[in-house]
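**Q** I'm passing along work.cif; it holds mmCIF, C-alpha atoms and all ligand atoms.
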```
data_upload
loop_
_atom_site.label_atom_id
_atom_site.label_comp_id
_atom_site.auth_asym_id
_atom_site.auth_seq_id
_atom_site.Cartn_x
_atom_site.Cartn_y
_atom_site.Cartn_z
CA MET A 151 6.16 3.89 7.57
CA ILE A 152 5.50 1.41 4.84
CA ALA A 153 7.17 0.66 1.51
CA LEU A 154 4.49 0.78 -1.18
CA THR A 155 4.45 -0.15 -4.84
CA ALA A 156 4.93 3.03 -6.88
CA PRO A 157 2.04 4.14 -9.09
CA SER A 158 2.46 3.21 -12.74
CA SER A 159 4.89 5.48 -14.58
CA ALA A 160 2.95 4.82 -17.81
CA GLU A 161 -0.20 6.25 -16.19
CA ASP A 162 1.71 9.29 -14.95
CA ASP A 163 3.09 9.86 -18.43
CA ALA A 164 -0.34 9.40 -20.01
CA TYR A 165 -1.83 11.95 -17.61
CA LEU A 166 0.97 14.40 -18.43
CA ASN A 167 0.28 13.93 -22.13
CA LYS A 168 -3.37 14.70 -21.47
CA ILE A 169 -2.50 17.95 -19.69
CA CYS A 170 -0.06 18.94 -22.41
CA ALA A 171 -2.72 18.37 -25.07
CA GLU A 172 -4.11 21.68 -23.79
CA PRO A 173 -2.71 24.65 -25.79
CA ALA A 174 -1.36 26.42 -22.69
CA TRP A 175 0.98 23.51 -21.94
CA SER A 176 1.69 21.99 -25.35
CA SER A 177 5.17 23.51 -25.70
CA TYR A 178 6.23 22.22 -22.28
CA LEU A 179 5.70 18.49 -22.71
CA GLY A 180 9.38 17.71 -23.32
CA LEU A 181 10.62 19.73 -20.34
CA TRP A 182 7.93 18.37 -18.05
CA ALA A 183 8.51 14.76 -19.12
CA SER A 184 12.23 15.18 -18.41
CA CYS A 185 11.36 16.36 -14.86
CA TYR A 186 9.26 13.20 -14.34
CA HIS A 187 12.12 11.09 -15.66
CA ALA A 188 14.60 12.73 -13.24
CA TYR A 189 12.21 12.12 -10.34
CA ARG A 190 12.10 8.40 -11.09
CA VAL A 191 15.84 8.07 -11.73
CA HIS A 192 16.63 9.73 -8.38
CA GLY A 193 13.77 8.11 -6.47
CA GLY A 194 12.39 11.49 -5.41
CA ASN A 195 15.68 12.49 -3.73
CA PRO A 196 15.53 16.30 -3.36
CA TRP A 197 19.35 16.46 -3.16
CA SER A 198 19.56 15.14 -6.72
CA ILE A 199 16.52 16.65 -8.38
CA VAL A 200 17.08 20.15 -9.72
CA GLY A 201 14.26 22.54 -8.78
CA SER A 202 11.68 23.71 -11.28
CA LYS A 203 13.00 24.87 -14.64
CA PHE A 204 9.65 26.35 -15.53
CA PRO A 205 9.00 30.11 -15.52
CA ALA A 206 7.83 31.17 -12.04
CA ALA A 207 4.40 32.26 -13.29
CA LEU A 208 3.80 28.82 -14.78
CA GLY A 209 4.90 27.20 -11.51
CA THR A 210 2.04 28.94 -9.73
CA VAL A 211 -0.42 27.50 -12.24
CA GLN A 212 1.17 24.04 -11.99
CA GLN A 213 0.82 24.16 -8.23
CA LYS A 214 -2.90 24.80 -8.55
CA LEU A 215 -3.41 21.90 -10.95
CA TYR A 216 -3.71 19.52 -8.01
CA GLU A 217 -6.36 21.62 -6.28
CA THR A 218 -8.53 21.72 -9.37
CA ARG A 219 -8.04 18.05 -10.22
CA LYS A 220 -7.80 16.34 -6.84
CA SER A 221 -11.27 14.85 -7.22
CA VAL A 222 -10.47 12.99 -10.43
CA THR A 223 -10.64 9.20 -10.21
CA ARG A 224 -6.89 8.54 -10.26
CA PHE A 225 -6.29 10.73 -7.21
CA LYS A 226 -9.42 9.51 -5.42
CA ASN A 227 -8.24 5.92 -5.88
CA LEU A 228 -4.79 6.78 -4.62
CA ARG A 229 -6.23 8.55 -1.58
CA SER A 230 -8.57 5.73 -0.63
CA GLN A 231 -6.28 2.77 -1.23
CA GLN A 232 -6.06 0.29 1.62
CA VAL A 233 -2.86 0.66 3.63
CA ALA A 234 -2.17 -0.87 7.04
CA SER A 235 -0.94 2.39 8.61
CA CYS A 236 0.24 5.82 7.48
CA PRO A 237 3.13 5.11 5.05
CA MET A 238 4.89 8.29 6.19
CA CYS A 239 4.60 8.29 10.00
CA GLY A 240 3.14 4.92 11.06
CA SER A 241 -0.04 6.26 12.68
CA SER A 242 -3.19 4.18 12.37
CA VAL A 243 -5.07 6.57 10.12
CA THR A 244 -4.78 7.57 6.46
CA GLY A 245 -7.22 9.13 4.03
CA THR A 246 -5.35 12.10 2.54
CA LEU A 247 -2.64 12.49 -0.08
CA ASP A 248 0.66 14.10 0.84
CA HIS A 249 2.98 15.70 -1.70
CA PHE A 250 6.29 13.99 -0.87
CA LEU A 251 8.16 16.89 -2.49
CA PRO A 252 6.01 19.91 -1.60
CA LYS A 253 4.16 21.44 -4.50
CA GLU A 254 5.15 24.91 -3.35
CA THR A 255 8.82 24.13 -4.08
CA PHE A 256 8.33 21.50 -6.78
CA PRO A 257 5.15 22.58 -8.61
CA GLU A 258 6.06 20.41 -11.60
CA PHE A 259 5.26 17.31 -9.48
CA SER A 260 1.92 18.62 -8.24
CA VAL A 261 -0.11 16.00 -10.15
CA MET A 262 2.53 13.27 -10.49
CA ALA A 263 1.08 10.21 -8.75
CA ALA A 264 4.58 9.01 -7.83
CA ASN A 265 4.90 12.15 -5.69
CA LEU A 266 1.51 11.66 -4.00
CA VAL A 267 1.61 9.40 -0.97
CA PRO A 268 -1.45 8.19 0.96
CA ALA A 269 -0.96 9.65 4.42
CA CYS A 270 -2.66 10.82 7.59
CA THR A 271 -3.83 14.41 8.02
CA SER A 272 -0.94 15.14 10.36
CA CYS A 273 1.64 14.19 7.73
CA ASN A 274 -0.29 16.18 5.17
CA SER A 275 -0.38 19.31 7.29
CA SER A 276 1.00 20.55 10.55
CA VAL A 277 3.76 18.21 11.69
CA LYS A 278 5.84 17.72 8.58
CA GLY A 279 4.77 20.95 6.95
CA SER A 280 6.92 21.78 3.94
CA THR A 281 10.01 19.96 5.24
CA TYR A 282 11.56 17.59 2.76
CA LYS A 283 15.31 17.68 3.41
CA GLY A 284 17.76 18.70 6.11
CA GLU A 285 21.31 20.02 6.33
CA SER A 286 23.26 17.13 4.80
CA PRO A 287 22.70 14.72 1.88
CA GLU A 288 21.72 11.90 4.25
CA GLU A 289 18.85 13.97 5.52
CA TRP A 290 15.71 13.58 3.49
CA LEU A 291 12.46 11.82 4.16
CA ILE A 292 12.04 8.11 3.46
CA HIS A 293 10.04 7.70 0.26
CA PRO A 294 7.32 5.03 0.50
CA TYR A 295 7.48 4.36 -3.27
CA PHE A 296 11.20 4.45 -3.96
CA ASP A 297 12.83 3.30 -0.72
CA THR A 298 12.72 -0.27 0.50
CA LEU A 299 14.09 0.70 3.92
CA ALA A 300 10.69 0.35 5.56
CA ASN A 301 10.61 -3.36 4.73
CA SER A 302 12.93 -3.79 7.73
CA ASP A 303 12.67 -2.46 11.28
CA LEU A 304 13.41 1.26 10.99
CA TRP A 305 13.01 2.44 14.55
CA GLU A 306 11.89 1.76 18.07
CA ILE A 307 10.87 3.62 21.16
CA ARG A 308 13.06 4.25 24.15
CA ILE A 309 11.28 4.82 27.44
CA ILE A 310 12.87 7.56 29.49
CA GLN A 311 12.58 7.24 33.26
CA PRO A 312 11.08 7.92 35.76
CA TYR A 313 8.58 5.23 34.74
CA PRO A 314 5.57 6.71 36.57
CA ALA A 315 5.98 9.84 34.43
CA ALA A 316 7.78 8.31 31.48
CA ARG A 317 8.74 10.17 28.33
CA PHE A 318 9.22 8.52 24.96
CA GLU A 319 11.96 8.93 22.42
CA ALA A 320 11.89 7.55 18.88
CA ILE A 321 15.29 6.22 17.84
CA PRO A 322 16.61 4.54 14.66
CA SER A 323 17.18 0.77 14.90
CA SER A 324 20.84 0.10 15.57
CA HIS A 325 21.32 -2.51 12.83
CA HIS A 326 21.38 0.21 10.13
CA PRO A 327 24.69 1.86 9.10
CA PRO A 328 25.31 5.35 10.58
CA SER A 329 24.34 7.23 7.40
CA VAL A 330 21.02 5.38 7.22
CA GLN A 331 20.41 5.95 10.93
CA LYS A 332 20.94 9.65 10.28
CA ARG A 333 18.28 9.57 7.58
CA ILE A 334 15.84 7.62 9.77
CA ALA A 335 16.43 10.09 12.64
CA PHE A 336 15.64 12.97 10.28
CA HIS A 337 12.47 11.22 9.12
CA LEU A 338 11.32 10.50 12.68
CA LYS A 339 11.98 14.08 13.75
CA TYR A 340 9.72 15.49 11.07
CA VAL A 341 6.83 13.02 10.95
CA LEU A 342 6.16 12.29 14.63
CA GLY A 343 4.18 14.89 16.52
CA GLU A 344 2.08 15.36 19.63
CA GLN A 345 -0.40 12.63 18.70
CA PHE A 346 2.45 10.16 18.67
CA GLN A 347 3.52 11.19 22.19
CA ARG A 348 -0.09 10.82 23.37
CA ALA A 349 -0.37 7.35 21.84
CA CYS A 350 2.82 6.27 23.67
CA THR A 351 1.59 7.73 26.96
CA ASN A 352 -1.66 5.80 26.63
CA ALA A 353 0.05 2.54 25.58
CA TRP A 354 2.42 2.79 28.56
CA ALA A 355 -0.30 3.71 31.08
CA THR A 356 -2.58 0.83 30.07
CA LEU A 357 0.07 -1.86 29.62
CA PRO A 358 0.06 -3.17 33.24
CA GLN A 359 -3.72 -3.76 33.12
CA TYR A 360 -3.35 -5.50 29.78
CA MET A 361 -0.61 -7.75 31.18
CA ARG A 362 -2.64 -8.55 34.32
CA THR A 363 -5.62 -9.48 32.15
CA MET A 364 -3.67 -11.55 29.62
CA GLY A 365 -1.30 -13.15 32.16
CA PRO A 366 -1.80 -15.60 35.04
CA THR A 367 -5.25 -15.25 36.61
CA ALA A 368 -3.76 -14.70 40.09
CA GLY A 369 -0.42 -14.27 41.81
CA PRO A 370 2.69 -12.45 40.64
CA ILE A 371 3.24 -11.43 37.01
CA SER A 372 6.85 -12.16 36.08
CA VAL A 373 9.19 -10.48 33.61
CA ALA A 374 8.97 -13.71 31.59
CA ASP A 375 5.17 -13.27 31.40
CA ILE A 376 5.64 -9.69 30.16
CA HIS A 377 8.23 -10.77 27.59
CA ALA A 378 6.01 -13.54 26.22
CA GLU A 379 3.03 -11.19 25.83
CA LEU A 380 5.19 -8.51 24.20
CA ILE A 381 6.29 -11.01 21.55
CA LYS A 382 2.63 -11.76 20.81
CA LEU A 383 1.81 -8.04 20.66
CA VAL A 384 4.69 -7.28 18.30
CA SER A 385 3.66 -10.18 16.05
CA TYR A 386 0.10 -8.87 16.01
CA HIS A 387 1.26 -5.36 15.04
CA TYR A 388 3.49 -6.69 12.27
CA ILE A 389 0.53 -8.51 10.76
CA THR A 390 -2.10 -5.81 11.22
CA THR A 391 -0.30 -2.46 10.91
CA GLY A 392 3.23 -3.27 9.68
CA ARG A 393 6.56 -3.41 11.49
CA ASN A 394 7.12 0.35 11.52
CA ALA A 395 3.74 1.47 12.85
CA TRP A 396 3.68 3.33 16.18
CA LEU A 397 2.74 0.47 18.50
CA ALA A 398 5.00 -2.00 16.69
CA ALA A 399 7.94 0.31 17.44
CA PHE A 400 6.67 0.88 20.98
CA HIS A 401 6.40 -2.77 21.94
CA ARG A 402 9.57 -3.70 20.03
CA GLY A 403 11.49 -1.13 22.07
CA LEU A 404 10.04 -2.55 25.27
CA LEU A 405 11.21 -6.04 24.31
CA GLU A 406 14.80 -4.79 24.65
CA ASP A 407 14.19 -2.96 27.92
CA LEU A 408 14.34 -5.29 30.94
CA PRO A 409 14.00 -2.57 33.62
CA ALA A 410 10.82 -1.31 31.93
CA GLN A 411 9.47 -4.86 31.72
CA ALA A 412 10.20 -5.31 35.45
CA PHE A 413 8.30 -2.11 36.22
CA VAL A 414 5.28 -3.28 34.21
CA ALA A 415 5.42 -6.73 35.89
CA ALA A 416 5.47 -5.23 39.39
CA LYS A 417 2.62 -2.86 38.59
CA ALA A 418 0.54 -5.57 36.88
CA THR A 419 0.93 -7.81 39.94
CA THR A 420 -0.90 -5.24 42.08
CA LEU A 421 -3.89 -5.03 39.73
CA THR A 422 -7.08 -7.05 39.45
CA ARG A 423 -7.82 -8.94 36.28
CA LEU A 424 -10.56 -7.43 34.13
CA ALA A 425 -13.58 -9.64 33.59
CA LEU A 426 -13.89 -10.16 29.83
ZN ZN A 501 1.19 10.14 9.03
#
```
Before we go any further, please render this structure as C-alpha cells.
**A**
Amino acid sequence: MIALTAPSSAEDDAYLNKICAEPAWSSYLGLWASCYHAYRVHGGNPWSIVGSKFPAALGTVQQKLYETRKSVTRFKNLRSQQVASCPMCGSSVTGTLDHFLPKETFPEFSVMAANLVPACTSCNSSVKGSTYKGESPEEWLIHPYFDTLANSDLWEIRIIQPYPAARFEAIPSSHHPPSVQKRIAFHLKYVLGEQFQRACTNAWATLPQYMRTMGPTAGPISVADIHAELIKLVSYHYITTGRNAWLAAFHRGLLEDLPAQAFVAAKATTLTRLAL
C-alpha cells in the first residue's frame, strides 16, 4: 500500500479527446469528460460516483477499449513504473495494471489512467476480484492516487498463539479514528490473500535463525537483542519497500508484542549461528 502521484489529468483528457475524435464516440465527449471530472472530484470514491450514464451497449464497447489498447505506450509506462511494493496490497511484486473501479461496473473509466493502478497479479485477479466497496460508506478500497492515508502506518500484524503454530491477523493501526480503521480493515480484507499468509508463516519460522545470526555470537539472545534487530528490520523495510509493505507491517507488529519477542529470543538461543 503506497500513495502514488496521480497520472496527469491533462494526459487523460487528451487521450479521451483522441478517442472521441472517432465518429462512433464524437457525440459522447461531453458526457464522458463529465464522468472523468466526477472521478477526480470524488477521488475515485464509488459511494459518490454515479454509475455509467452511457447506453449499456456502449458500455460493453468501452469496457473492451482497454483490452485493445493496453499495449499502447501510456499504459505500458504505467504498468512498468518503478514502485517499491504493490500499491494496493503491499506485496513485493508488481507488473500489472489494476482497474481501481472495475471496468465491468464502470466501463467509462476503462482507459482512464487515474483509474489504472500498478499492482501485483493477485490484486489484479483472484483475491480482490471485482470488489470495490462494502456495506457502508466507510468501506471502499484505499486509492493509491487520491488517498494520502498510506503515507502513514496503516496496519500491522498480530501474531495469534500458539507460537509454534502461529496464525497471523492483519489489523488497522490504532492511531487512526474508528471510521478510518473501518476503511483500512475493509481494504485489508479484500487485498490480502493466501500468499500473504504464506509470507508471514515463512517470516515467523525463519526469524529465530535470523536473530541468532545477527545477534551475539554465543550465549543467550535477549528480548533487548530481538527488539534492537526488529528496529533495524523495520527501518530497512521502510526504506526499501515502504511502511505498509507486508514485512514492514509484520515486523512493526512484532515490535509491540513482548511475548512474541520472548518466544523468538528463547528459540534463537537454542540455535547455532549461520556461517556467512
Ligand atoms: Zn497486490
**Q** So how far away is CA of Phe346 in chain A from CA of Thr246 in chain A, in Å?
**A** 18.0 Å
**Q** Rounded to one decimal in Å, what is the spacing between CA of Ser280 in chain A and CA of Gln347 in chain A?
**A**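 Interatomic distance here is 21.4 Å.
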**Q** Please return as a ChimeraX atom specification the residues found within 10 Å of ligand ZN 501 (chain A), counting only C-alpha atoms and all ligand atoms.
**A** /A:151,235-246,248,268-275,277-278,341-343,346,395
**Q** Expressed in Å to a single decimal, how great is the separation between CA of Ile152 in chain A and CA of Ser286 in chain A?
**A**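 Computed distance, CA of Ile152 in chain A to CA of Ser286 in chain A, equals 23.7 Å.
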**Q** Counting all atoms listed in the file, figure out which residue out of A:Thr223, A:Thr218, A:Ser159, A:Asn394 gets nearest to Ile307 in chain A.
**A**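 Of A:Thr223, A:Thr218, A:Ser159, A:Asn394, the one nearest Ile307 in chain A, counting all atoms listed in the file, is A:Asn394.
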**Q** Name the closest residue to Leu426 in chain A among the candidates A:Leu251, A:Leu404, A:Ile310, A:Met364; distances are taken between atoms, counting all atoms listed in the file.
**A**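 Result for the nearest residue to Leu426 in chain A: A:Met364.
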**Q** Could you pull the residues within 7 Å of Ala398 in chain A, counting only C-alpha atoms, minus those fewer than 3 positions along the same chain, as a PyMOL selection string?
**A** chain A and resi 384+387-388+393-395+401-402
**Q** Got time to write the residues from that selection, C-alpha atoms, as a PDB file, keeping the file's coordinate frame?
**A**
```
ATOM      1  CA  VAL A 384       4.690  -7.280  18.300  1.00  0.00           C
ATOM      2  CA  HIS A 387       1.260  -5.360  15.040  1.00  0.00           C
ATOM      3  CA  TYR A 388       3.490  -6.690  12.270  1.00  0.00           C
ATOM      4  CA  ARG A 393       6.560  -3.410  11.490  1.00  0.00           C
ATOM      5  CA  ASN A 394       7.120   0.350  11.520  1.00  0.00           C
ATOM      6  CA  ALA A 395       3.740   1.470  12.850  1.00  0.00           C
ATOM      7  CA  HIS A 401       6.400  -2.770  21.940  1.00  0.00           C
ATOM      8  CA  ARG A 402       9.570  -3.700  20.030  1.00  0.00           C
TER       9      ARG A 402
END
```
**Q** Using only C-alpha atoms, find the one residue out of A:Gln411, A:Thr351, A:Ser202, A:Asn167 that sits nearest to Ala316 in chain A.
**A** A:Thr351
**Q** Taking 5 positions as the minimum chain separation for residues in the same chain, which residues sit within 12 Å of Leu405 in chain A when counting only C-alpha atoms? Answer as a PyMOL selection string.
**A** chain A and resi 306-309+373-385+398-400+410-412+414
**Q** Store the residues of this selection in a file with C-alpha atoms, as a compact mmCIF listing (two decimals), in the coordinates of the input.
**A**
```txt
# COMPACT_ATOMS: atom_id res chain seq x y z
CA GLU A 306 11.89 1.76 18.07
CA ILE A 307 10.87 3.62 21.16
CA ARG A 308 13.06 4.25 24.15
CA ILE A 309 11.28 4.82 27.44
CA VAL A 373 9.19 -10.48 33.61
CA ALA A 374 8.97 -13.71 31.59
CA ASP A 375 5.17 -13.27 31.40
CA ILE A 376 5.64 -9.69 30.16
CA HIS A 377 8.23 -10.77 27.59
CA ALA A 378 6.01 -13.54 26.22
CA GLU A 379 3.03 -11.19 25.83
CA LEU A 380 5.19 -8.51 24.20
CA ILE A 381 6.29 -11.01 21.55
CA LYS A 382 2.63 -11.76 20.81
CA LEU A 383 1.81 -8.04 20.66
CA VAL A 384 4.69 -7.28 18.30
CA SER A 385 3.66 -10.18 16.05
CA ALA A 398 5.00 -2.00 16.69
CA ALA A 399 7.94 0.31 17.44
CA PHE A 400 6.67 0.88 20.98
CA ALA A 410 10.82 -1.31 31.93
CA GLN A 411 9.47 -4.86 31.72
CA ALA A 412 10.20 -5.31 35.45
CA VAL A 414 5.28 -3.28 34.21
```
**Q** Using only C-alpha atoms, which protein or nucleic acid residues come within 10 Å of Val330 in chain A? Drop anything in the same chain fewer than 4 positions from it, and give the result as a ChimeraX atom specification.
**A** /A:288-289,299,304,322-326,334-336
**Q** Quick one: of A:Tyr178, A:Pro314, A:Ala264, A:Asn301, who's nearest to Thr356 in chain A, counting only C-alpha atoms?
**A** A:Pro314
**Q** List as a PyMOL selection string the protein and nucleic acid residues near Asn227 in chain A, meaning an atom at most 12 Å away when all atoms listed in the file are counted, but skip any in the same chain fewer than 2 places from it.
**A** chain A and resi 157+220-225+229-232+245-247+263+266-268
**Q** Using only the atoms of range 215-232 of chain A listed in the file, plus 8 Å on each side, state the axis-aligned box centre and edge lengths in Å rounded to one decimal, as lines of an AutoDock Vina configuration file.
**A**
```
center_x = -7.3
center_y = 11.1
center_z = -4.7
size_x = 23.9
size_y = 37.6
size_z = 28.6
```
**Q** Considering only C-alpha atoms, state which residue in the set A:Thr367, A:Asp297, A:Cys185, A:Leu397 is at the smallest distance from Thr422 in chain A.
**A**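 Under the stated criterion, the closest residue is A:Thr367.
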**Q** Hey, which of A:Lys226, A:Arg333, A:His187, A:Arg317 ends up closest to Cys350 in chain A? Count all atoms listed in the file.
**A**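 Looking only at the distances to Cys350 in chain A, the closest residue turns out to be A:Arg317.
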**Q** Would you mind listing what lies within 10 Å of Val261 in chain A as an mmCIF file with C-alpha atoms, keeping the file's coordinate frame, with only C-alpha atoms counted and same-chain residues fewer than 6 positions away left out?
**A**
```cif
data_model
loop_
_atom_site.group_PDB
_atom_site.id
_atom_site.type_symbol
_atom_site.label_atom_id
_atom_site.label_comp_id
_atom_site.auth_asym_id
_atom_site.auth_seq_id
_atom_site.Cartn_x
_atom_site.Cartn_y
_atom_site.Cartn_z
ATOM 1 C CA ASP A 162 1.710 9.290 -14.950
ATOM 2 C CA TYR A 165 -1.830 11.950 -17.610
ATOM 3 C CA LEU A 166 0.970 14.400 -18.430
ATOM 4 C CA GLN A 212 1.170 24.040 -11.990
ATOM 5 C CA GLN A 213 0.820 24.160 -8.230
ATOM 6 C CA LYS A 214 -2.900 24.800 -8.550
ATOM 7 C CA LEU A 215 -3.410 21.900 -10.950
ATOM 8 C CA TYR A 216 -3.710 19.520 -8.010
ATOM 9 C CA GLU A 217 -6.360 21.620 -6.280
ATOM 10 C CA ARG A 219 -8.040 18.050 -10.220
ATOM 11 C CA LYS A 220 -7.800 16.340 -6.840
ATOM 12 C CA PHE A 225 -6.290 10.730 -7.210
ATOM 13 C CA HIS A 249 2.980 15.700 -1.700
ATOM 14 C CA LYS A 253 4.160 21.440 -4.500
#
```
**Q** Would you be able to write out as a list in words which residues have an atom within 8 Å of (4.7, 23.3, -16.2) in the file's coordinates, counting all atoms listed in the file?
**A** Trp175, Tyr178, Trp182, Phe204, Leu208, Gly209, Val211, Gln212, Pro257 and Glu258 of chain A
**Q** Could you extract range 234-245 of chain A of the given structure into a file holding N, CA, C and O atoms, as an mmCIF file, in the first residue's frame?
**A**
```
data_model
loop_
_atom_site.group_PDB
_atom_site.id
_atom_site.type_symbol
_atom_site.label_atom_id
_atom_site.label_comp_id
_atom_site.auth_asym_id
_atom_site.auth_seq_id
_atom_site.Cartn_x
_atom_site.Cartn_y
_atom_site.Cartn_z
ATOM 1 N N ALA A 234 7.984 0.599 -5.048
ATOM 2 C CA ALA A 234 8.724 -0.182 -4.046
ATOM 3 C C ALA A 234 8.012 -1.475 -3.658
ATOM 4 O O ALA A 234 8.635 -2.460 -3.268
ATOM 5 N N SER A 235 6.689 -1.481 -3.734
ATOM 6 C CA SER A 235 5.891 -2.685 -3.457
ATOM 7 C C SER A 235 4.514 -2.443 -4.074
ATOM 8 O O SER A 235 4.228 -1.344 -4.546
ATOM 9 N N CYS A 236 3.679 -3.486 -4.066
ATOM 10 C CA CYS A 236 2.362 -3.332 -4.699
ATOM 11 C C CYS A 236 1.576 -2.214 -4.000
ATOM 12 O O CYS A 236 1.313 -2.308 -2.793
ATOM 13 N N PRO A 237 1.192 -1.153 -4.722
ATOM 14 C CA PRO A 237 0.489 -0.035 -4.095
ATOM 15 C C PRO A 237 -0.863 -0.420 -3.488
ATOM 16 O O PRO A 237 -1.366 0.265 -2.610
ATOM 17 N N MET A 238 -1.427 -1.555 -3.946
ATOM 18 C CA MET A 238 -2.718 -1.972 -3.402
ATOM 19 C C MET A 238 -2.570 -2.845 -2.157
ATOM 20 O O MET A 238 -3.219 -2.620 -1.140
ATOM 21 N N CYS A 239 -1.704 -3.887 -2.230
ATOM 22 C CA CYS A 239 -1.680 -4.858 -1.127
ATOM 23 C C CYS A 239 -0.392 -4.861 -0.319
ATOM 24 O O CYS A 239 -0.359 -5.386 0.794
ATOM 25 N N GLY A 240 0.707 -4.314 -0.872
ATOM 26 C CA GLY A 240 1.970 -4.304 -0.126
ATOM 27 C C GLY A 240 2.854 -5.505 -0.391
ATOM 28 O O GLY A 240 3.885 -5.669 0.263
ATOM 29 N N SER A 241 2.508 -6.352 -1.360
ATOM 30 C CA SER A 241 3.386 -7.476 -1.694
ATOM 31 C C SER A 241 4.620 -6.937 -2.417
ATOM 32 O O SER A 241 4.663 -5.768 -2.809
ATOM 33 N N SER A 242 5.594 -7.805 -2.630
ATOM 34 C CA SER A 242 6.856 -7.304 -3.188
ATOM 35 C C SER A 242 6.881 -7.283 -4.708
ATOM 36 O O SER A 242 7.875 -6.905 -5.302
ATOM 37 N N VAL A 243 5.791 -7.708 -5.325
ATOM 38 C CA VAL A 243 5.810 -7.750 -6.792
ATOM 39 C C VAL A 243 4.765 -6.805 -7.390
ATOM 40 O O VAL A 243 3.750 -6.497 -6.767
ATOM 41 N N THR A 244 5.049 -6.345 -8.604
ATOM 42 C CA THR A 244 4.067 -5.536 -9.346
ATOM 43 C C THR A 244 4.061 -6.041 -10.793
ATOM 44 O O THR A 244 4.298 -7.205 -11.024
ATOM 45 N N GLY A 245 3.804 -5.184 -11.722
ATOM 46 C CA GLY A 245 3.936 -5.597 -13.127
ATOM 47 C C GLY A 245 2.635 -5.672 -13.902
ATOM 48 O O GLY A 245 2.644 -5.911 -15.105
#
```
